[in-house]
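Asker: The structure file target-v5.txt (compact mmCIF, C-alpha atoms) is provided below.
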# COMPACT_ATOMS: atom_id res chain seq x y z
CA MET A 1 -47.40 9.15 145.89
CA ILE A 2 -46.60 12.76 144.99
CA SER A 3 -43.70 14.56 143.33
CA TRP A 4 -40.93 16.13 145.35
CA GLN A 5 -42.08 19.56 144.14
CA GLU A 6 -45.57 18.95 145.58
CA ALA A 7 -44.03 17.67 148.81
CA LYS A 8 -41.86 20.79 149.13
CA SER A 9 -44.86 23.03 148.51
CA ILE A 10 -46.93 21.25 151.16
CA LEU A 11 -44.10 21.36 153.71
CA ASN A 12 -43.56 25.08 153.12
CA SER A 13 -47.27 25.73 153.67
CA LEU A 14 -47.29 23.78 156.95
CA VAL A 15 -44.16 25.16 158.58
CA THR A 16 -44.46 28.10 160.89
CA THR A 17 -42.25 29.98 163.32
CA TYR A 18 -42.72 29.65 167.07
CA GLY A 19 -42.63 33.19 168.41
CA THR A 20 -39.76 35.50 169.27
CA GLU A 21 -37.67 36.42 172.30
CA LYS A 22 -35.05 38.94 173.37
CA VAL A 23 -31.57 37.57 174.03
CA SER A 24 -28.24 39.09 174.94
CA VAL A 25 -26.12 39.73 171.88
CA ARG A 26 -23.43 37.64 173.58
CA GLU A 27 -25.77 34.62 173.40
CA SER A 28 -27.09 35.27 169.92
CA TRP A 29 -24.62 33.25 167.82
CA GLY A 30 -26.47 31.00 165.36
CA ARG A 31 -29.90 32.49 166.08
CA THR A 32 -32.12 34.17 163.48
CA LEU A 33 -32.99 37.85 163.69
CA ALA A 34 -36.68 38.60 164.21
CA GLU A 35 -36.21 42.36 163.82
CA ASP A 36 -34.69 44.75 161.35
CA ILE A 37 -31.51 46.32 162.71
CA THR A 38 -31.41 50.09 162.29
CA VAL A 39 -28.47 52.41 162.82
CA PRO A 40 -28.73 54.39 166.10
CA ARG A 41 -26.53 57.23 164.83
CA ASP A 42 -24.56 58.22 161.76
CA TYR A 43 -21.66 55.85 161.01
CA PRO A 44 -19.13 57.24 161.47
CA ASP A 45 -20.69 59.82 163.80
CA VAL A 46 -18.03 62.43 162.92
CA HIS A 47 -15.47 62.93 160.17
CA LYS A 48 -12.56 60.55 160.93
CA SER A 49 -9.04 60.16 159.64
CA ALA A 50 -8.26 57.06 157.61
CA VAL A 51 -4.51 57.37 158.30
CA ASP A 52 -1.93 58.70 160.74
CA GLY A 53 -1.31 62.13 159.29
CA TYR A 54 -1.90 65.88 159.20
CA ALA A 55 -5.41 67.32 158.98
CA PHE A 56 -5.60 70.64 157.12
CA ARG A 57 -7.75 72.87 154.95
CA HIS A 58 -6.77 72.12 151.37
CA GLY A 59 -5.24 74.97 149.34
CA ARG A 60 -1.73 75.68 150.74
CA LYS A 61 1.68 74.00 150.65
CA THR A 62 2.84 74.72 154.22
CA TYR A 63 1.02 74.75 157.56
CA ARG A 64 1.84 75.41 161.22
CA LEU A 65 1.47 72.32 163.45
CA THR A 66 -0.77 73.35 166.37
CA GLY A 67 -1.81 70.09 168.11
CA GLU A 68 -2.61 66.38 168.04
CA VAL A 69 -5.79 64.23 168.19
CA ALA A 70 -5.74 60.55 169.17
CA ALA A 71 -8.45 58.02 168.34
CA GLY A 72 -11.37 58.47 170.75
CA GLU A 73 -10.47 62.08 171.61
CA LYS A 74 -12.64 65.03 170.71
CA SER A 75 -11.27 67.12 167.89
CA GLY A 76 -10.55 70.20 169.97
CA PRO A 77 -10.39 73.68 168.44
CA SER A 78 -10.90 74.33 164.75
CA VAL A 79 -7.91 74.74 162.50
CA GLU A 80 -7.34 77.99 160.66
CA ALA A 81 -6.42 78.20 157.02
CA ASP A 82 -2.67 78.09 157.75
CA GLU A 83 -2.81 75.46 160.57
CA THR A 84 -2.62 71.67 160.75
CA ILE A 85 -3.23 69.13 163.50
CA PHE A 86 -1.70 65.65 163.69
CA VAL A 87 -4.51 63.05 163.74
CA MET A 88 -4.11 59.34 164.44
CA THR A 89 -5.99 56.70 162.43
CA GLY A 90 -9.63 56.75 163.55
CA GLY A 91 -9.23 60.12 165.21
CA THR A 92 -11.74 62.93 164.70
CA VAL A 93 -10.83 65.35 161.92
CA PRO A 94 -10.88 68.87 163.44
CA HIS A 95 -13.43 71.44 162.35
CA GLY A 96 -12.06 73.55 159.53
CA ALA A 97 -10.01 70.69 158.05
CA ASP A 98 -11.15 68.80 154.96
CA THR A 99 -8.12 66.67 154.05
CA VAL A 100 -5.54 64.43 155.75
CA ALA A 101 -2.05 63.79 154.39
CA ARG A 102 -0.10 60.69 155.47
CA VAL A 103 2.70 61.56 157.86
CA GLU A 104 5.25 59.68 155.74
CA ASP A 105 4.37 61.84 152.71
CA CYS A 106 4.99 65.14 154.53
CA GLU A 107 8.04 67.10 155.71
CA ASP A 108 8.30 68.56 159.23
CA ASN A 109 10.71 71.51 159.68
CA ASP A 110 10.43 72.59 163.34
CA GLY A 111 6.63 72.51 163.29
CA ILE A 112 6.21 73.76 159.75
CA ILE A 113 4.58 70.98 157.76
CA THR A 114 5.01 70.81 153.99
CA ILE A 115 2.18 68.95 152.19
CA PRO A 116 2.81 67.33 148.77
CA GLY A 117 0.90 69.07 146.01
CA THR A 118 -0.33 65.76 144.63
CA ILE A 119 -2.76 65.15 147.52
CA PRO A 120 -6.34 65.93 146.39
CA ALA A 121 -8.91 67.71 148.54
CA GLY A 122 -10.85 65.34 150.81
CA ASP A 123 -8.16 62.64 150.76
CA SER A 124 -8.02 60.12 153.67
CA VAL A 125 -11.16 61.47 155.41
CA ASN A 126 -14.02 59.11 156.28
CA LEU A 127 -17.04 61.40 156.18
CA ALA A 128 -19.72 61.33 158.89
CA GLY A 129 -22.60 59.09 157.78
CA GLU A 130 -20.81 57.70 154.73
CA GLU A 131 -21.27 54.09 155.92
CA ALA A 132 -24.86 54.49 157.16
CA ARG A 133 -27.25 57.22 158.26
CA LYS A 134 -29.15 57.31 161.56
CA GLY A 135 -32.39 55.31 161.34
CA GLU A 136 -31.34 53.38 158.21
CA ALA A 137 -32.22 49.66 158.24
CA VAL A 138 -28.91 47.95 157.54
CA ILE A 139 -29.72 44.30 158.44
CA ARG A 140 -33.06 42.64 157.72
CA LYS A 141 -34.87 40.13 159.90
CA GLY A 142 -34.48 36.53 158.80
CA ALA A 143 -30.69 36.78 158.72
CA VAL A 144 -28.71 34.17 160.64
CA ILE A 145 -26.32 35.62 163.21
CA ASP A 146 -23.02 34.16 162.03
CA LYS A 147 -19.35 35.06 161.70
CA GLY A 148 -20.11 38.26 159.78
CA LEU A 149 -23.31 39.44 161.44
CA TYR A 150 -22.34 38.59 165.04
CA PRO A 151 -19.49 41.15 165.32
CA ALA A 152 -21.52 43.68 163.27
CA LEU A 153 -24.15 43.71 166.04
CA PHE A 154 -21.44 44.63 168.55
CA TYR A 155 -20.16 47.29 166.14
CA LEU A 156 -23.66 48.79 166.17
CA GLY A 157 -23.84 48.68 169.98
CA LYS A 158 -26.75 46.20 170.16
CA ALA A 159 -26.77 44.80 173.70
CA GLU A 160 -29.93 42.74 173.01
CA VAL A 161 -31.54 41.43 169.84
CA GLU A 162 -34.96 40.00 169.01
CA VAL A 163 -34.63 36.46 167.64
CA TYR A 164 -36.99 33.67 166.65
CA LYS A 165 -37.57 30.99 169.27
CA LYS A 166 -36.31 27.53 168.50
CA PRO A 167 -38.96 24.85 168.01
CA ARG A 168 -39.01 22.13 170.64
CA VAL A 169 -38.12 18.98 168.74
CA ALA A 170 -38.71 15.39 169.79
CA ALA A 171 -37.29 12.44 167.88
CA PHE A 172 -37.76 8.73 168.20
CA VAL A 173 -36.41 5.65 166.49
CA THR A 174 -38.53 2.52 166.20
CA GLY A 175 -37.32 -1.05 165.88
CA ASP A 176 -36.64 -4.06 168.08
CA GLU A 177 -33.43 -4.64 166.10
CA ILE A 178 -31.68 -1.44 167.25
CA LEU A 179 -28.68 -1.55 169.58
CA GLU A 180 -26.75 1.18 171.38
CA VAL A 181 -23.09 1.27 170.43
CA GLU A 182 -22.04 0.07 173.90
CA GLU A 183 -24.11 -3.11 173.55
CA LYS A 184 -22.76 -6.38 172.23
CA PHE A 185 -23.60 -7.06 168.62
CA THR A 186 -25.74 -10.09 167.84
CA GLU A 187 -26.75 -11.50 164.47
CA GLY A 188 -29.43 -9.51 162.65
CA MET A 189 -29.21 -6.42 164.88
CA VAL A 190 -28.14 -2.90 163.86
CA PHE A 191 -26.58 -0.03 165.79
CA ASP A 192 -28.57 3.17 166.24
CA THR A 193 -27.29 5.33 163.37
CA ASN A 194 -30.29 7.54 162.62
CA ARG A 195 -30.17 9.24 166.00
CA ARG A 196 -26.63 10.37 165.19
CA ILE A 197 -27.79 11.62 161.78
CA LEU A 198 -30.45 13.68 163.54
CA GLU A 199 -27.94 15.05 166.02
CA SER A 200 -25.46 16.13 163.37
CA CYS A 201 -28.01 17.62 160.95
CA LEU A 202 -30.03 19.44 163.62
CA ASN A 203 -26.91 20.71 165.36
CA SER A 204 -25.92 22.30 162.05
CA VAL A 205 -29.04 24.51 162.26
CA GLY A 206 -28.72 25.13 166.01
CA ILE A 207 -31.38 22.73 167.34
CA THR A 208 -30.85 20.11 170.04
CA PRO A 209 -33.65 17.51 169.91
CA ASP A 210 -35.00 15.45 172.80
CA PHE A 211 -34.70 11.74 172.04
CA PHE A 212 -37.13 9.00 172.95
CA GLY A 213 -36.38 5.33 172.50
CA PRO A 214 -35.37 3.21 170.72
CA ILE A 215 -39.05 2.33 170.87
CA GLY A 216 -40.13 -1.24 170.31
CA ASP A 217 -42.24 -2.32 167.35
CA THR A 218 -45.49 -2.54 169.28
CA GLU A 219 -48.49 -0.30 168.88
CA ALA A 220 -48.70 0.37 172.62
CA GLU A 221 -45.06 1.52 172.90
CA VAL A 222 -45.33 3.80 169.90
CA ALA A 223 -48.65 5.24 171.14
CA ASN A 224 -47.29 5.97 174.64
CA ALA A 225 -44.17 7.67 173.29
CA PHE A 226 -46.19 9.70 170.83
CA LYS A 227 -48.56 10.90 173.56
CA GLU A 228 -45.64 12.02 175.74
CA MET A 229 -43.90 13.83 172.89
CA CYS A 230 -47.06 15.68 171.84
CA ARG A 231 -47.33 17.19 175.31
CA ASP A 232 -44.18 19.33 175.29
CA HIS A 233 -42.87 19.50 171.71
CA ASP A 234 -43.63 21.40 168.51
CA ILE A 235 -42.09 19.08 165.91
CA ILE A 236 -41.88 15.29 166.19
CA ILE A 237 -39.61 13.20 163.98
CA SER A 238 -39.65 9.44 163.67
CA SER A 239 -37.19 7.13 162.00
CA GLY A 240 -38.67 3.87 160.80
CA GLY A 241 -42.23 2.67 161.14
CA VAL A 242 -43.58 4.60 158.15
CA SER A 243 -43.37 2.00 155.37
CA MET A 244 -45.87 -0.73 154.54
CA GLY A 245 -44.40 -3.35 156.87
CA LYS A 246 -46.40 -5.57 159.20
CA TYR A 247 -45.20 -3.78 162.36
CA ASP A 248 -45.47 -0.19 161.15
CA PHE A 249 -47.86 1.44 163.61
CA VAL A 250 -46.90 5.10 163.37
CA LYS A 251 -49.53 6.03 160.79
CA LYS A 252 -52.31 4.48 162.87
CA VAL A 253 -51.06 6.09 166.09
CA PHE A 254 -50.95 9.66 164.87
CA LYS A 255 -54.38 9.31 163.29
CA GLU A 256 -55.63 8.37 166.75
CA HIS A 257 -54.10 11.64 168.01
CA ASP A 258 -56.11 13.68 165.47
CA PHE A 259 -53.20 14.51 163.19
CA GLU A 260 -54.21 15.34 159.62
CA LEU A 261 -52.17 13.40 157.08
CA PHE A 262 -50.72 15.49 154.22
CA ILE A 263 -47.94 13.34 152.70
CA GLU A 264 -47.32 9.57 152.70
CA ARG A 265 -44.84 8.93 149.91
CA THR A 266 -42.91 10.93 147.34
CA ARG A 267 -41.31 10.04 144.02
CA ILE A 268 -37.74 10.21 145.28
CA LYS A 269 -35.01 7.58 145.46
CA PRO A 270 -33.85 6.77 148.06
CA GLY A 271 -36.34 7.73 150.74
CA SER A 272 -39.77 7.49 149.14
CA PRO A 273 -41.54 7.08 152.51
CA LEU A 274 -42.14 10.56 153.92
CA MET A 275 -45.07 10.89 156.27
CA VAL A 276 -46.12 14.44 157.11
CA ALA A 277 -49.02 15.27 159.39
CA LYS A 278 -50.12 18.21 161.52
CA ARG A 279 -52.43 18.98 164.42
CA ASP A 280 -52.86 22.60 165.45
CA ASN A 281 -49.29 23.90 165.66
CA LYS A 282 -47.65 20.48 166.07
CA LEU A 283 -45.93 18.96 163.06
CA PHE A 284 -45.05 15.29 162.55
CA LEU A 285 -42.35 14.03 160.17
CA GLY A 286 -42.05 10.32 159.56
CA MET A 287 -38.77 9.33 157.92
CA PRO A 288 -37.53 6.01 156.49
CA GLY A 289 -35.54 3.59 158.64
CA TYR A 290 -32.57 2.81 156.37
CA PRO A 291 -29.81 5.29 157.36
CA ALA A 292 -28.97 6.16 153.73
CA ALA A 293 -32.61 6.93 152.93
CA PHE A 294 -33.04 8.73 156.25
CA LEU A 295 -30.05 11.04 155.71
CA THR A 296 -31.02 11.74 152.10
CA ASN A 297 -34.61 12.60 153.04
CA PHE A 298 -33.53 14.65 156.02
CA VAL A 299 -31.09 16.82 154.06
CA PHE A 300 -33.44 17.22 151.09
CA TYR A 301 -36.71 17.87 152.94
CA ALA A 302 -36.17 18.46 156.66
CA VAL A 303 -33.14 20.75 156.88
CA PRO A 304 -34.86 23.53 154.85
CA LEU A 305 -38.01 22.97 156.94
CA PHE A 306 -36.11 23.56 160.18
CA ARG A 307 -34.40 26.64 158.77
CA LYS A 308 -37.82 28.08 157.96
CA ALA A 309 -39.13 27.19 161.43
CA LEU A 310 -36.17 29.13 162.85
CA GLY A 311 -37.20 32.21 160.86
CA VAL A 312 -34.46 32.02 158.21
CA THR A 313 -35.56 33.92 155.11
CA ASP A 314 -33.27 32.09 152.66
CA PHE A 315 -34.10 28.63 153.99
CA GLU A 316 -33.94 26.35 150.93
CA ASN A 317 -30.88 24.25 150.12
CA LYS A 318 -28.46 26.05 147.84
CA ILE A 319 -28.28 24.40 144.41
CA HIS A 320 -24.78 24.27 142.93
CA LYS A 321 -23.58 23.05 139.55
CA ALA A 322 -21.05 20.23 139.46
CA ILE A 323 -19.17 18.43 136.68
CA LEU A 324 -19.56 14.67 137.02
CA LYS A 325 -16.30 12.72 137.20
CA THR A 326 -18.21 9.43 137.07
CA GLU A 327 -21.59 8.27 135.81
CA MET A 328 -24.51 8.95 138.16
CA LYS A 329 -27.31 6.36 138.13
CA ALA A 330 -30.94 7.44 137.71
CA ARG A 331 -34.23 6.28 136.26
CA LYS A 332 -36.95 8.32 134.59
CA GLY A 333 -40.16 8.83 136.52
CA ARG A 334 -38.63 9.72 139.90
CA MET A 335 -36.15 12.14 141.40
CA ASP A 336 -32.87 10.32 142.03
CA VAL A 337 -30.76 11.79 144.82
CA ASP A 338 -27.32 10.23 144.44
CA ARG A 339 -24.69 10.53 147.13
CA ALA A 340 -21.46 12.09 145.89
CA VAL A 341 -17.93 13.00 146.89
CA VAL A 342 -17.44 16.60 145.78
CA THR A 343 -14.11 18.35 145.32
CA VAL A 344 -13.16 21.73 143.88
CA GLU A 345 -10.96 21.61 140.77
CA ASN A 346 -9.97 24.70 138.80
CA GLY A 347 -12.58 26.70 140.65
CA ARG A 348 -15.46 24.32 139.87
CA TYR A 349 -17.28 21.66 141.85
CA CYS A 350 -16.62 18.13 140.64
CA ALA A 351 -18.74 15.19 141.83
CA ALA A 352 -17.88 11.49 141.87
CA ASP A 353 -19.87 8.39 142.78
CA PRO A 354 -18.57 6.98 146.09
CA GLY A 355 -18.89 3.38 144.87
CA SER A 356 -22.45 2.42 145.80
CA GLN A 357 -25.90 4.02 145.69
CA LEU A 358 -27.68 1.08 147.35
CA THR A 359 -30.10 2.22 150.03
CA SER A 360 -28.95 -0.64 152.25
CA HIS A 361 -25.34 0.65 152.18
CA PHE A 362 -24.19 3.47 154.43
CA ILE A 363 -20.44 3.19 155.12
CA ASN A 364 -19.47 5.37 152.14
CA PHE A 365 -21.34 8.29 153.71
CA ALA A 366 -18.17 8.72 155.76
CA ALA A 367 -16.67 10.29 152.61
CA VAL A 368 -19.85 11.67 151.02
CA ASN A 369 -20.33 15.45 151.33
CA ALA A 370 -23.01 16.21 148.74
CA LEU A 371 -26.13 14.92 146.99
CA VAL A 372 -26.51 15.04 143.21
CA LEU A 373 -30.09 15.77 142.09
CA ILE A 374 -31.28 14.06 138.91
CA ASP A 375 -34.79 15.11 137.89
CA GLU A 376 -37.50 12.63 137.07
CA ASP A 377 -37.36 13.37 133.34
CA LYS A 378 -33.78 12.05 133.04
CA ASN A 379 -32.00 8.73 133.07
CA SER A 380 -28.45 8.17 134.32
CA LEU A 381 -26.02 11.02 133.64
CA PRO A 382 -22.67 10.20 132.00
CA ALA A 383 -19.28 11.37 133.26
CA GLY A 384 -18.45 14.85 132.01
CA SER A 385 -22.00 16.14 132.15
CA GLU A 386 -23.19 18.94 134.45
CA ALA A 387 -25.61 18.26 137.28
CA ASP A 388 -27.34 20.04 140.17
CA MET A 389 -26.12 19.21 143.64
CA ILE A 390 -26.52 20.30 147.26
CA LEU A 391 -23.85 20.18 149.93
CA ILE A 392 -24.65 18.21 153.08
CA PRO A 393 -24.60 20.63 156.06
Would you mind writing the file out in structure tokens?

Answerer:
Amino acid sequence: MISWQEAKSILNSLVTTYGTEKVSVRESWGRTLAEDITVPRDYPDVHKSAVDGYAFRHGRKTYRLTGEVAAGEKSGPSVEADETIFVMTGGTVPHGADTVARVEDCEDNDGIITIPGTIPAGDSVNLAGEEARKGEAVIRKGAVIDKGLYPALFYLGKAEVEVYKKPRVAAFVTGDEILEVEEKFTEGMVFDTNRRILESCLNSVGITPDFFGPIGDTEAEVANAFKEMCRDHDIIISSGGVSMGKYDFVKKVFKEHDFELFIERTRIKPGSPLMVAKRDNKLFLGMPGYPAAFLTNFVFYAVPLFRKALGVTDFENKIHKAILKTEMKARKGRMDVDRAVVTVENGRYCAADPGSQLTSHFINFAAVNALVLIDEDKNSLPAGSEADMILIP
């Protein structure tokens, strides 16, 4: 059994990316850039007006109006020292002009424009190249194409972008006790919850896994499924079958497929069972069967792993500080990861116990949106204390 820090270090050393590909910018939402984005020209490419107003050479009070420039039009002839041209917002400032005065601040007397003396030289002009210079790297690879970056790529005229390929992920759930939700419940059975945890967590990072099973608790069924998944997938995830139970065959099966075992258990509660193995470029993650332990382990260990596999530079879970509204249970000697209901009060995160931390309970995850992290050198934390926490994606 190893610490969570050792487990994180091992996982980070094992995870790789899976190549790159060019995609249309229109299909790039949620992908991770595999190239630095450079500016193809100065931005803006010419001096542009920040307002609807009169472009002029600073130094006089009155000017003769000689023309007009709309956004997207070329600037036309230069203005002389006593001339002004009306320029719309975003329009090119004519050669010879260095300042723009807002139309509402000026007086027009039959084409003679009076400029207020309070307007400084250079006012309301966006200078060529002031946002970025041609060839400048403005976005670094490893950035996720999201609500800010996606339109910025269009702004820069990028028709295609280089992105990291998504890993091909296979997932299977073991257990003869598992039912599909459409099936009739019988005593002692459970509905397949962990598949839905996988779907929701992986969808949050843009991955759609292929599911196998539920697979029965026999060595032959697990071996056959494992063989099929190894053929076409990069990362394989199992739920259940990794503890010390009588019917837990997963460990034996992947050893037979020449996977090297790196992790078996970690000092974390809930979710101590974490089996990690690798063969060539194929990675295996064995997760616990209890849904509460499975979700905790998956958010804590696997979500950062998948972000890194997707090429995300800042892949680790963000650690936030929260004030505890209730006591959070913990025990020295292990990392306790307590489920929590987090709200924002007076600009700060506040975390409360949802009512139960039992691994066998799961219903309160319907309200849980965060995990409080209590290090192995601490016991339970009282209400009012500050604690680290991560938000569930």

Asker: For the point (-27.7, 32.0, 164.0) in file coordinates, what residues are within 6 Å, counting all atoms listed in the file? Give the answer as JSON, numbers by chain?

Answerer: {"A": [29, 30, 31, 32, 144, 145, 146]}

Asker: Write the selection just made, keeping C-alpha atoms, as a compact mmCIF listing (two decimals), in the frame of the given file?

Answerer:
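Written output follows (selection-v6.txt):
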# COMPACT_ATOMS: atom_id res chain seq x y z
CA TRP A 29 -24.62 33.25 167.82
CA GLY A 30 -26.47 31.00 165.36
CA ARG A 31 -29.90 32.49 166.08
CA THR A 32 -32.12 34.17 163.48
CA VAL A 144 -28.71 34.17 160.64
CA ILE A 145 -26.32 35.62 163.21
CA ASP A 146 -23.02 34.16 162.03

Asker: Name the closest residue to Asp108 in chain A among the candidates A:Gly289, A:Asn281, A:Tyr54, A:Arg133; distances are taken between atoms, counting only C-alpha atoms.

Answerer: A:Tyr54

Asker: Quote the spacing between CA of Gly148 in chain A and CA of Cys201 in chain A in Å to one decimal place.

Answerer: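 Between CA of Gly148 in chain A and CA of Cys201 in chain A the gap is 22.1 Å.
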
Asker: With distances taken over all atoms listed in the file, which residue among A:Ser3, A:Asn109, A:Thr92, A:Thr17 lies nearest Arg168 in chain A?

Answerer: A:Thr17

Asker: I'd like the interatomic distance between CA of Leu310 in chain A and CA of Phe262 in chain A, to a tenth of an Å.

Answerer: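 Computed distance, CA of Leu310 in chain A to CA of Phe262 in chain A, equals 21.7 Å.
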
Asker: May I have the protein, DNA and RNA residues with an atom at most 10 Å from (-39.1, 17.2, 172.7), counting all atoms listed in the file in the file's coordinates, returned as a VMD selection string?

Answerer: chain A and resid 167 to 172 208 to 212 228 to 237

Asker: Would you output that residue set with C-alpha atoms, as an mmCIF file, keeping the file's coordinate frame?

Answerer:
data_model
loop_
_atom_site.group_PDB
_atom_site.id
_atom_site.type_symbol
_atom_site.label_atom_id
_atom_site.label_comp_id
_atom_site.auth_asym_id
_atom_site.auth_seq_id
_atom_site.Cartn_x
_atom_site.Cartn_y
_atom_site.Cartn_z
ATOM 1 C CA PRO A 167 -38.960 24.850 168.010
ATOM 2 C CA ARG A 168 -39.010 22.130 170.640
ATOM 3 C CA VAL A 169 -38.120 18.980 168.740
ATOM 4 C CA ALA A 170 -38.710 15.390 169.790
ATOM 5 C CA ALA A 171 -37.290 12.440 167.880
ATOM 6 C CA PHE A 172 -37.760 8.730 168.200
ATOM 7 C CA THR A 208 -30.850 20.110 170.040
ATOM 8 C CA PRO A 209 -33.650 17.510 169.910
ATOM 9 C CA ASP A 210 -35.000 15.450 172.800
ATOM 10 C CA PHE A 211 -34.700 11.740 172.040
ATOM 11 C CA PHE A 212 -37.130 9.000 172.950
ATOM 12 C CA GLU A 228 -45.640 12.020 175.740
ATOM 13 C CA MET A 229 -43.900 13.830 172.890
ATOM 14 C CA CYS A 230 -47.060 15.680 171.840
ATOM 15 C CA ARG A 231 -47.330 17.190 175.310
ATOM 16 C CA ASP A 232 -44.180 19.330 175.290
ATOM 17 C CA HIS A 233 -42.870 19.500 171.710
ATOM 18 C CA ASP A 234 -43.630 21.400 168.510
ATOM 19 C CA ILE A 235 -42.090 19.080 165.910
ATOM 20 C CA ILE A 236 -41.880 15.290 166.190
ATOM 21 C CA ILE A 237 -39.610 13.200 163.980
#

Asker: Could you pull range 33-45 of chain A out of the structure just shown and give N, CA, C and O atoms as a CSV table (one decimal), in the first residue's frame?

Answerer:
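Output file part_5.csv is given in full below:
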chain,number,residue,atom,x,y,z
A,33,LEU,N,-5.1,22.1,-27.7
A,33,LEU,CA,-4.1,22.5,-28.7
A,33,LEU,C,-2.8,21.7,-28.6
A,33,LEU,O,-2.2,21.6,-27.6
A,34,ALA,N,-2.3,21.3,-29.8
A,34,ALA,CA,-1.0,20.6,-29.9
A,34,ALA,C,0.0,21.5,-30.6
A,34,ALA,O,1.0,21.0,-31.0
A,35,GLU,N,-0.3,22.8,-30.8
A,35,GLU,CA,0.6,23.7,-31.4
A,35,GLU,C,0.4,25.1,-30.7
A,35,GLU,O,-0.6,25.4,-30.1
A,36,ASP,N,1.5,25.8,-30.8
A,36,ASP,CA,1.4,27.2,-30.4
A,36,ASP,C,0.7,28.0,-31.5
A,36,ASP,O,0.9,27.7,-32.7
A,37,ILE,N,-0.1,28.9,-31.1
A,37,ILE,CA,-0.8,29.7,-32.1
A,37,ILE,C,-0.1,31.1,-32.2
A,37,ILE,O,0.0,31.8,-31.2
A,38,THR,N,0.4,31.4,-33.4
A,38,THR,CA,1.0,32.6,-33.7
A,38,THR,C,0.2,33.6,-34.5
A,38,THR,O,-0.7,33.1,-35.2
A,39,VAL,N,0.5,34.9,-34.4
A,39,VAL,CA,-0.4,35.9,-35.1
A,39,VAL,C,0.1,36.0,-36.5
A,39,VAL,O,1.3,36.2,-36.8
A,40,PRO,N,-0.8,35.9,-37.5
A,40,PRO,CA,-0.4,35.9,-38.9
A,40,PRO,C,-0.1,37.3,-39.4
A,40,PRO,O,0.5,37.5,-40.5
A,41,ARG,N,-0.5,38.3,-38.7
A,41,ARG,CA,-0.3,39.7,-39.1
A,41,ARG,C,-0.4,40.6,-37.8
A,41,ARG,O,-0.8,40.1,-36.8
A,42,ASP,N,-0.1,41.8,-38.0
A,42,ASP,CA,-0.3,42.7,-36.8
A,42,ASP,C,-1.8,42.8,-36.5
A,42,ASP,O,-2.6,42.8,-37.4
A,43,TYR,N,-2.1,42.9,-35.2
A,43,TYR,CA,-3.4,43.1,-34.7
A,43,TYR,C,-3.5,44.3,-33.9
A,43,TYR,O,-2.9,44.4,-32.8
A,44,PRO,N,-4.3,45.3,-34.3
A,44,PRO,CA,-5.0,45.4,-35.6
A,44,PRO,C,-3.9,45.6,-36.7
A,44,PRO,O,-2.8,46.0,-36.4
A,45,ASP,N,-4.3,45.3,-38.0
A,45,ASP,CA,-3.3,45.4,-39.1
A,45,ASP,C,-3.1,46.9,-39.5
A,45,ASP,O,-2.1,47.2,-40.2
